[in-house]
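Below you'll find the structure, written out as structure tokens, and then a few comments.
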Amino acid sequence: MVRKEKETNHYIKKLMKQYKTVPILGVLMLLFTPHIYAQHTEKVQPLSLEEIWKVTEMNNRQLKLSDLNLQQSKIEILEAKDRLLPELSVGGDLKLNSKFLIYDNGLFSSPQDVPVKGYGYGVGYNLNYNLYNGGKDKRNVAMKKEEETRKQYEVDVQKHSVKYNVAVAYFDLYKFLHFYDFLNAEIEAEKKQLRLIESLHKNGTVLKSDVLRTSVKLSQLELSLSDVTKKIEIAKQRLNILMGRENDMGLAIKYEDTIELNAITEGDYNDYVDIAFNKSPEYKMAGSDIKWSELNVKQVKATLLPKVSLYSNYNYNYPQISFYPYSNDLWGFGQTGIKVQYSIDNLYKSKHTIARVQVVSNQAKEKAEMKKDEISLQVKEAYLQQKQALESVETAEKNILRTTETVRVIRSSYLNQESLLTDLLEAENALLEAKFNLTTAQTNVKVTHIRLLAIIGIL
């Protein structure tokens with residue numbers, strides 16, 4: 001068991017090392033265009049994903065609410081412990097006394113008037129301390145502690161969910177920034193190409209339709225650039241909200257950096273499943289529900305047991321009219337003892353209550369098994385999505401090489417009047433789409449891997 005735990009911890013450390021970012025010099029997709037988006041003209045410190053995560057953990061409103069819920073559960077434990085302390089009260093009264101009449105020969109006879117003062121007062125204390133009630137008070141503390149443990153797991157689940165949502169928004173922004181660069185570079189190249197085609201048209205080398213087709217493509221590229229710009233602003237606002245900042249606050253990310261994709265290929269499905277069953281807060285929540293339900297069964301059964309308590313009271317009263325002989329003097333009297341109470345009605349009233357909580361306990365066990373199956377399926381799905389994303393990257397890289405060569409060949413043949421402009425425009429569009437696809441595939445690898453880490457509980 002110790003060896004297996006060491007292997008698991010070592011494997012987790014290897015997974016987390018994957019989030020050290022490196023410059024993407026040499027990544028094929030970024031050789032086609034410089035980084036020219038306007039975020040670099042803003043005087044805003046670019047943030048990495050890890051830096052945004054840190055800000056989010058401190059300022060995200062959902063996480064703050066989860067922390068408040070956790071604080072509440074901690075206070076509820078203290079409240080439960082307070083109930084273990086003895087009950088102690090002091091009191092007093094001041095009153096006016098009527099005549100003290102004693103009907104020694106019956107109600108309709110002349111009463112005997114006992115002379116007492118016209119006023120009275122009293123002061124004293126009352127103490128009650130539970131010695132035994134089936135362990136309900138101590139068990140209540142244990143149940144509150146289990147609730148606090150579950151709240152902590154809920155905080156962990158919420159934290160993983162928020163970090164995953166941040167990653168999705170971050171890589172959306174990352175993707176759109178690269179799209180902006182691709183489109184901007186394509187627009188500049190298309191403007192040069194348009195000037196060249198216009199020059200060729202003036203010389204009678206190409207048709208007017210070629211000029212018009214190139215102009216139409218340029219307009220479409222500019223429209224696409226405008227659309228991407230709007231998506232960038234939306235992605236920034238979404239990130240600011242997740243970070244707990246003002247919506248319009250300046251934001252820049254280190255989109256020239258990327259995750260080391262080679263490290264993501266490490267890992268086996270069974271390894272991920274083993275980690276999930278040891279680290280997943282969702283799975284731990286199911287186990288916590290079982291423990292709480294079992295404690296609740298014992299709590300309900302405790303109503304069949306007697307209650308034993310220590311009590312003590314002492315009072316000073318004036319005048320003394322409680323015992324014979326009566327007097328107008330101050331007097332004191334108290335009692336200390338042990339009280340035993342047994343509710344016979346619980347023998348027949350609690351039967352169905354016990355059956356109900358037992359069913360709830362069985363439900364918790366079944367839900368834990370269902371959660372185990374659900375997590376296994378989620379891990380499988382995320383693992384295969386990650387694998388598919390890696391395959392998409394390989395395909396996209398090959399398509400980049402092919403479409404780049406295609407554009408080079410067709411452009412050369414077009415200038416030599418050996419091919420049509422439509423062929424060139426289609427090839428250029430295919431190359432631009434290939435760049436988009438590669439960026440999308442790379443971000444999908446990152447997002448699916450982060451989702452996998454969130455599911456197994458080590459994000």
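Each chain of the structure tokens is named A, B, ... in the order shown, its residues numbered from 1; ligands are numbered from 1 in display order.
For range 150-152 of chain A, the set of protein, DNA and RNA residues having any atom at most 8 Å away, when counting only C-alpha atoms and skipping those fewer than 3 positions along the same chain, is Asn69, Leu70, Ser73, Glu146, Glu147, Val155, Asp156, Lys284, Met285, Ser288 and Asp289 of chain A.
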Polymer residues at most 12 Å from Leu251 in chain A, only C-alpha atoms, same-chain spacing of 4 or more positions, as a ChimeraX atom specification: /A:38-48,52,170,173,232-241,243,245-247,255
DSSP says alpha helix (DSSP H) for which residues of range 124-218 of chain A? Put them as a PyMOL selection string? chain A and resi 136-202+208-218
Find the residues near range 442-459 of chain A: any atom within 6 Å, counting only C-alpha atoms, skip ones fewer than 2 places away on the same chain, and give them as a list in words.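 Neighbouring residues, sequence-local ones excluded: His160, Phe171, Ala276, Lys279, Ser280, Ala382, Gln386, Ala389, Thr439 and Thr440 of chain A.
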Any idea what's packed within 6 Å of range 101-104 of chain A, counting only C-alpha atoms, ignoring anything in its chain fewer than 4 positions away? Could you give it as a short mmCIF file (atom, residue, chain, number, x, y, z; two decimals) with N, CA and C atoms, in the first residue's frame?
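Result saved to selection.cif:
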```cif
data_model
loop_
_atom_site.label_atom_id
_atom_site.label_comp_id
_atom_site.auth_asym_id
_atom_site.auth_seq_id
_atom_site.Cartn_x
_atom_site.Cartn_y
_atom_site.Cartn_z
N PRO A 111 -62.38 30.79 56.89
CA PRO A 111 -60.95 30.46 56.79
C PRO A 111 -60.15 31.06 57.93
N GLN A 112 -59.00 30.46 58.14
CA GLN A 112 -58.05 30.98 59.11
C GLN A 112 -57.08 31.90 58.38
N ASP A 113 -56.95 33.10 58.85
CA ASP A 113 -56.08 34.09 58.21
C ASP A 113 -54.69 34.02 58.83
#
```
Restricting the calculation to only C-alpha atoms: of A:Val90, A:Leu49, A:Val114, A:Leu310, which residue gets closest to Asn128 in chain A? A:Leu310
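One distance worth recording is that between CA of Tyr311 in chain A and CA of Tyr129 in chain A, which is 6.3 Å.
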Kindly indicate which residue among A:Lys301, A:Lys136, A:Lys217, A:Lys307 lies nearest to Ala189 in chain A, using only C-alpha atoms for the distances.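 Of the candidates, the smallest distance to Ala189 in chain A is held by A:Lys217.
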Who sits within 9 Å of Gly134 in chain A, only C-alpha atoms, same chain under 3 positions skipped, as a PyMOL selection string: chain A and resi 137+299+301-307
